[in-house]
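Here's the structure we're looking at; comments come further down.
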Amino acid sequence: MKIAMVFDGLQVGGIERVGVDYVSLLENIGHDVEVVNLNPKHREFETEFRNKINVKHYYFPRKLCGEQYAQLIKQNFMGRVLYPIISILLNCYIWIAKVLFRLKNRQRYDIVIAFSGHFNDLTFVAHNFLKSKKKMAWLHGALYGYLLISDGYYNLYKKIGNLVCLVDDAQDEALIYNHNTTLRINKLYNPTFIADKEINIKNVEKLKRKYGNFLLMVARFEYPHKDHYTVCKALEILRREFSDEVQLLLIGSGPEEAAVREYVKEKHLEKYIHFLGTKFNVQDYYTAARLLVHASVAGEGLPTVQLEAMAYGLPQVVTDSKVGPREILGNNEYGLLSKVKDPYDMAKQIHKMLNDNALYQHYVKKSMERIKDFQPDAIQRDLEKILLEVMER
């Protein structure tokens, strides 16, 4: 099959990393894959595709998507008046833009996938900018989470019809309360290929010498989706109240980074918390680290970093934010969960993990056991089954 995967930018991030993995799976199955980038300014991750992939660039920003403004309905009377006006105007623009676009782009596809799951890639696919027999959309979390954010998502999902979710938590309730049983939804875990990446042993030893038994957080600085503040505060508690001589390495970048740096400075933690920016050899850090820590307030999909850490047998302490962490770790079966926005509870769980070697080794073993459910071969079989079912409908 000829398949197009549509992204809202290809910057460094979890969704983009998962997208690269799915492109590899689709190619392994034997499909002809093209990638469409709707935000050409963000193309840093295009170098991560394992084979030479045809990447097409079209500028289609979220501000031009009428359904993005559906949230206005929830604000006030004026919002309820403005939304239909904005929606009609932008839908007229989209119709004209689509006609002009299709005059220049006559390529046909079997399936077009809105992979980022944002308003622009969903709109681009839902309104048939690319000619295709079938359409699909990826949800990087649970259906109900998107519906809580905006009815605009639901309106676009109905146009697309075929959805893939990471978790099915509260899915039946979401469909019943929206009086819809026509959406065709499949649950599929994300694969991870990071174990295939080569480890630089010299770099691993260098990291261990420099930082000792360090904690590692790999996440974009974007509160409340990623909560670096709770992790930094937990580090302070570990050192002050539990006397754990441990340091914290933060890998990533993003709009909240300056604020987190200022917070660390105010707490006088600069000697123990290190901002390393974006790293493309993150496998070396997973190998060298003592523990993965991760926190979120607004909720998670299926955090890629948790899977990557498991691939290296790295135990983890993660906040129990909706919905992904518990999906991966179970009820503390494969790692320890801590309360959301509770740095003391996180520090307590980290202290327990660091100072109980039997417990630590237990979670090393359990991590290697759990990661088998996310191996590419297993996901590839399920993916091909889903694609065939979509084409037959």
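Residue numbers start at 1 in each chain; chains themselves are named A, B, ... in the order of the structure tokens; ligands are numbered from 1 in the order shown.
Secondary structure by DSSP on the backbone puts the following residues of stretch 215-324 of chain A in strand (DSSP E): Leu215, Leu216, Met217, Val218, Leu248, Leu249, Leu250, Ile251, Ile273, His274, Phe275, Leu276, Gly277, Leu291, Leu292, Val293, His294, Gln316, Val317, Val318 and Thr319 of chain A.
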Give me the residues of stretch 174-281 of chain A that have any atom at most 10 Å from an atom of stretch 348-364 of chain A; for each, the nearest atom pair and the distance in Å, rounded to one decimal. Use only C-alpha atoms, sort by chain and number, and format it as JSON lines.
{"residue": "A:Asn213", "atom": "CA", "partner": "A:Leu354", "partner_atom": "CA", "distance": 9.1}
{"residue": "A:Leu215", "atom": "CA", "partner": "A:Ile350", "partner_atom": "CA", "distance": 9.2}
{"residue": "A:Ala234", "atom": "CA", "partner": "A:Lys348", "partner_atom": "CA", "distance": 8.5}
{"residue": "A:Leu235", "atom": "CA", "partner": "A:Ile350", "partner_atom": "CA", "distance": 9.2}
{"residue": "A:Ile237", "atom": "CA", "partner": "A:Lys348", "partner_atom": "CA", "distance": 8.8}
{"residue": "A:Leu238", "atom": "CA", "partner": "A:His351", "partner_atom": "CA", "distance": 7.0}
{"residue": "A:Arg239", "atom": "CA", "partner": "A:His351", "partner_atom": "CA", "distance": 10.0}
{"residue": "A:Glu241", "atom": "CA", "partner": "A:Lys348", "partner_atom": "CA", "distance": 9.9}
{"residue": "A:Phe242", "atom": "CA", "partner": "A:His351", "partner_atom": "CA", "distance": 7.2}
{"residue": "A:Ser243", "atom": "CA", "partner": "A:His351", "partner_atom": "CA", "distance": 9.4}
{"residue": "A:Asp244", "atom": "CA", "partner": "A:His351", "partner_atom": "CA", "distance": 7.4}
{"residue": "A:Val246", "atom": "CA", "partner": "A:Leu354", "partner_atom": "CA", "distance": 9.6}
Expected answer as a PyMOL selection string: helix (DSSP H, G or I) residues in stretch 91-311 of chain A:
chain A and resi 91-104+119-126+143-149+151-160+171-177+194-196+201-211+228-240+257-266+282-288+304-311
Mind dumping the selected residues with C-alpha atoms as a JSON list (two decimals), in the first residue's frame?
[["chain", "number", "residue", "atom", "x", "y", "z"],
["A", 91, "ASN", "CA", -14.10, 26.14, 6.33],
["A", 92, "CYS", "CA", -14.65, 28.27, 3.22],
["A", 93, "TYR", "CA", -10.94, 29.09, 3.20],
["A", 94, "ILE", "CA", -10.03, 25.41, 3.70],
["A", 95, "TRP", "CA", -12.30, 24.38, 0.80],
["A", 96, "ILE", "CA", -10.59, 26.88, -1.53],
["A", 97, "ALA", "CA", -7.11, 25.93, -0.24],
["A", 98, "LYS", "CA", -7.87, 22.24, -0.77],
["A", 99, "VAL", "CA", -8.99, 22.78, -4.37],
["A", 100, "LEU", "CA", -5.83, 24.75, -5.17],
["A", 101, "PHE", "CA", -3.69, 22.19, -3.36],
["A", 102, "ARG", "CA", -5.15, 19.24, -5.22],
["A", 103, "LEU", "CA", -4.66, 20.94, -8.58],
["A", 104, "LYS", "CA", -0.92, 20.82, -7.90],
["A", 119, "PHE", "CA", -5.80, 20.30, 14.83],
["A", 120, "ASN", "CA", -3.85, 21.01, 11.66],
["A", 121, "ASP", "CA", -2.84, 17.47, 10.68],
["A", 122, "LEU", "CA", -6.33, 16.23, 11.64],
["A", 123, "THR", "CA", -7.96, 18.98, 9.54],
["A", 124, "PHE", "CA", -5.58, 18.35, 6.63],
["A", 125, "VAL", "CA", -6.55, 14.67, 6.58],
["A", 126, "ALA", "CA", -10.24, 15.05, 7.50],
["A", 143, "LEU", "CA", -10.06, 9.24, 23.58],
["A", 144, "TYR", "CA", -11.75, 10.87, 26.57],
["A", 145, "GLY", "CA", -8.73, 13.08, 27.22],
["A", 146, "TYR", "CA", -9.03, 14.71, 23.80],
["A", 147, "LEU", "CA", -12.79, 15.12, 24.14],
["A", 148, "LEU", "CA", -12.31, 16.89, 27.47],
["A", 149, "ILE", "CA", -10.04, 19.41, 25.78],
["A", 151, "ASP", "CA", -15.38, 19.11, 20.94],
["A", 152, "GLY", "CA", -13.36, 20.12, 17.88],
["A", 153, "TYR", "CA", -11.41, 16.87, 18.13],
["A", 154, "TYR", "CA", -14.61, 14.86, 18.08],
["A", 155, "ASN", "CA", -15.89, 16.69, 15.00],
["A", 156, "LEU", "CA", -12.68, 15.84, 13.11],
["A", 157, "TYR", "CA", -12.60, 12.24, 14.36],
["A", 158, "LYS", "CA", -16.08, 11.69, 12.90],
["A", 159, "LYS", "CA", -14.85, 12.84, 9.48],
["A", 160, "ILE", "CA", -11.84, 10.51, 9.65],
["A", 171, "GLN", "CA", -13.47, 4.88, 26.09],
["A", 172, "ASP", "CA", -16.93, 3.33, 26.24],
["A", 173, "GLU", "CA", -18.18, 6.12, 28.48],
["A", 174, "ALA", "CA", -16.78, 8.76, 26.11],
["A", 175, "LEU", "CA", -18.58, 7.20, 23.15],
["A", 176, "ILE", "CA", -21.87, 6.69, 24.97],
["A", 177, "TYR", "CA", -22.04, 10.26, 26.28],
["A", 194, "ILE", "CA", 16.11, 2.40, 20.76],
["A", 195, "ALA", "CA", 17.73, -0.90, 21.76],
["A", 196, "ASP", "CA", 19.10, -1.06, 18.21],
["A", 201, "ILE", "CA", 30.86, 2.66, 26.36],
["A", 202, "LYS", "CA", 33.54, 5.33, 26.83],
["A", 203, "ASN", "CA", 30.88, 8.00, 27.03],
["A", 204, "VAL", "CA", 28.86, 5.90, 29.49],
["A", 205, "GLU", "CA", 31.89, 5.56, 31.79],
["A", 206, "LYS", "CA", 32.59, 9.27, 31.48],
["A", 207, "LEU", "CA", 29.04, 10.10, 32.55],
["A", 208, "LYS", "CA", 29.27, 7.79, 35.55],
["A", 209, "ARG", "CA", 32.57, 9.34, 36.65],
["A", 210, "LYS", "CA", 31.25, 12.86, 36.26],
["A", 211, "TYR", "CA", 27.77, 12.51, 37.80],
["A", 228, "HIS", "CA", 10.09, 19.44, 35.87],
["A", 229, "TYR", "CA", 9.29, 21.44, 39.00],
["A", 230, "THR", "CA", 8.11, 18.41, 40.96],
["A", 231, "VAL", "CA", 11.22, 16.44, 39.96],
["A", 232, "CYS", "CA", 13.57, 19.30, 40.91],
["A", 233, "LYS", "CA", 11.83, 19.75, 44.26],
["A", 234, "ALA", "CA", 12.06, 16.00, 44.87],
["A", 235, "LEU", "CA", 15.82, 16.21, 44.26],
["A", 236, "GLU", "CA", 16.05, 18.94, 46.88],
["A", 237, "ILE", "CA", 14.12, 16.80, 49.39],
["A", 238, "LEU", "CA", 16.30, 13.76, 48.65],
["A", 239, "ARG", "CA", 19.45, 15.67, 49.46],
["A", 240, "ARG", "CA", 18.13, 17.67, 52.43],
["A", 257, "GLU", "CA", 13.24, 25.80, 30.22],
["A", 258, "ALA", "CA", 14.14, 29.36, 31.27],
["A", 259, "ALA", "CA", 11.53, 29.27, 34.06],
["A", 260, "VAL", "CA", 12.78, 25.89, 35.32],
["A", 261, "ARG", "CA", 16.37, 27.19, 35.29],
["A", 262, "GLU", "CA", 15.29, 30.18, 37.36],
["A", 263, "TYR", "CA", 13.47, 27.88, 39.79],
["A", 264, "VAL", "CA", 16.60, 25.75, 40.22],
["A", 265, "LYS", "CA", 18.67, 28.89, 40.82],
["A", 266, "GLU", "CA", 16.22, 30.16, 43.45],
["A", 282, "VAL", "CA", 20.21, 9.41, 24.74],
["A", 283, "GLN", "CA", 20.88, 5.65, 24.88],
["A", 284, "ASP", "CA", 24.23, 6.42, 26.55],
["A", 285, "TYR", "CA", 22.41, 8.30, 29.30],
["A", 286, "TYR", "CA", 19.88, 5.52, 29.89],
["A", 287, "THR", "CA", 22.80, 3.10, 30.22],
["A", 288, "ALA", "CA", 24.73, 5.30, 32.63],
["A", 304, "THR", "CA", 8.22, 7.08, 25.00],
["A", 305, "VAL", "CA", 10.98, 7.74, 27.50],
["A", 306, "GLN", "CA", 9.55, 5.13, 29.86],
["A", 307, "LEU", "CA", 9.72, 2.50, 27.14],
["A", 308, "GLU", "CA", 13.22, 3.56, 26.12],
["A", 309, "ALA", "CA", 14.43, 3.33, 29.72],
["A", 310, "MET", "CA", 12.91, -0.15, 30.07],
["A", 311, "ALA", "CA", 14.79, -1.26, 26.95]]
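Residues in contact with stretch 295-299 of chain A at up to 6 Å, not including ones fewer than 2 positions away on its chain and judged by only C-alpha atoms, are A:Pro224, A:His225, A:Lys226, A:Asp227, A:Val318, A:Thr319, A:Ser321, A:Lys322.
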When distances are computed from only C-alpha atoms, which of A:Ile328, A:Ile88, A:Leu302, A:Ala4 shows the smallest separation from A:Ala137?
A:Ala4
Work out how far atom CA of A:Leu90 is from atom CA of A:Gly66, in Å to one decimal.
5.4 Å
Determine, using only C-alpha atoms, which residues of stretch 216-293 of chain A have any atom at most 12 Å from an atom of stretch 332-337 of chain A, and tabulate each with its shortest atom pair and distance in Å to one decimal place, rows ordered by chain and then rising number, as a tab-separated table.
residue	atom	partner	partner_atom	distance
A:Leu291	CA	A:Gly335	CA	10.4
A:Leu292	CA	A:Gly335	CA	9.9
A:Val293	CA	A:Leu336	CA	9.8
Expressed in Å to a single decimal, how great is the separation between atom CA of A:Met1 and atom CA of A:Lys41?
29.2 Å
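When the distance limit is 8 Å and only C-alpha atoms are what count, the residues near A:Met391, minus those fewer than 3 positions from it on the same chain, are A:Asp110, A:Lys133, A:Lys134, A:Leu387, A:Leu388.
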Could you please take those selected residues and save N, CA and C atoms as a short mmCIF file (atom, residue, chain, number, x, y, z; two decimals), in the first residue's frame?
data_model
loop_
_atom_site.label_atom_id
_atom_site.label_comp_id
_atom_site.auth_asym_id
_atom_site.auth_seq_id
_atom_site.Cartn_x
_atom_site.Cartn_y
_atom_site.Cartn_z
N ASP A 110 -3.37 4.95 -0.64
CA ASP A 110 -4.34 3.99 -0.09
C ASP A 110 -4.84 4.46 1.27
N LYS A 133 -8.00 6.39 -0.35
CA LYS A 133 -9.14 5.50 -0.20
C LYS A 133 -9.65 5.51 1.24
N LYS A 134 -8.71 5.58 2.20
CA LYS A 134 -9.08 5.54 3.60
C LYS A 134 -8.29 6.57 4.38
N LEU A 387 -4.37 -2.21 9.58
CA LEU A 387 -4.39 -1.59 8.24
C LEU A 387 -5.26 -2.40 7.27
N LEU A 388 -5.14 -3.72 7.32
CA LEU A 388 -5.95 -4.56 6.44
C LEU A 388 -7.43 -4.43 6.76
#
Can you work out which one of A:Asp8, A:Glu222, A:Glu327, A:Glu384 has the shortest atom-to-atom distance to A:Asp168, counting only C-alpha atoms?
A:Glu327
Separating atom CA of A:Lys131 from atom CA of A:Ile111, to the nearest tenth of an Å, is a gap of 8.9 Å
Quick one: residues within 6 Å of stretch 51-65 of chain A, only C-alpha atoms counted, chain neighbours fewer than 4 positions away excluded, as a PyMOL selection string?
chain A and resi 34-40+119-120
Could the residues in this selection be written to a file with N, CA and C atoms, as an mmCIF file, in the first residue's frame?
data_model
loop_
_atom_site.group_PDB
_atom_site.id
_atom_site.type_symbol
_atom_site.label_atom_id
_atom_site.label_comp_id
_atom_site.auth_asym_id
_atom_site.auth_seq_id
_atom_site.Cartn_x
_atom_site.Cartn_y
_atom_site.Cartn_z
ATOM 1 N N GLU A 34 5.329 7.842 2.513
ATOM 2 C CA GLU A 34 5.752 9.234 2.376
ATOM 3 C C GLU A 34 5.384 9.984 3.645
ATOM 4 N N VAL A 35 6.183 10.988 3.986
ATOM 5 C CA VAL A 35 5.951 11.803 5.173
ATOM 6 C C VAL A 35 5.604 13.218 4.737
ATOM 7 N N VAL A 36 4.580 13.787 5.368
ATOM 8 C CA VAL A 36 4.165 15.161 5.083
ATOM 9 C C VAL A 36 4.370 15.992 6.350
ATOM 10 N N ASN A 37 5.142 17.058 6.229
ATOM 11 C CA ASN A 37 5.448 17.949 7.350
ATOM 12 C C ASN A 37 4.702 19.264 7.138
ATOM 13 N N LEU A 38 3.743 19.557 8.009
ATOM 14 C CA LEU A 38 2.910 20.751 7.868
ATOM 15 C C LEU A 38 3.511 21.983 8.536
ATOM 16 N N ASN A 39 4.661 21.837 9.140
ATOM 17 C CA ASN A 39 5.353 22.985 9.744
ATOM 18 C C ASN A 39 6.824 22.910 9.350
ATOM 19 N N PRO A 40 7.153 23.319 8.120
ATOM 20 C CA PRO A 40 8.510 23.129 7.593
ATOM 21 C C PRO A 40 9.616 23.783 8.405
ATOM 22 N N PHE A 119 -4.709 19.799 15.663
ATOM 23 C CA PHE A 119 -5.797 20.299 14.831
ATOM 24 C C PHE A 119 -5.418 20.448 13.363
ATOM 25 N N ASN A 120 -4.165 20.798 13.076
ATOM 26 C CA ASN A 120 -3.848 21.008 11.663
ATOM 27 C C ASN A 120 -3.682 19.703 10.889
#
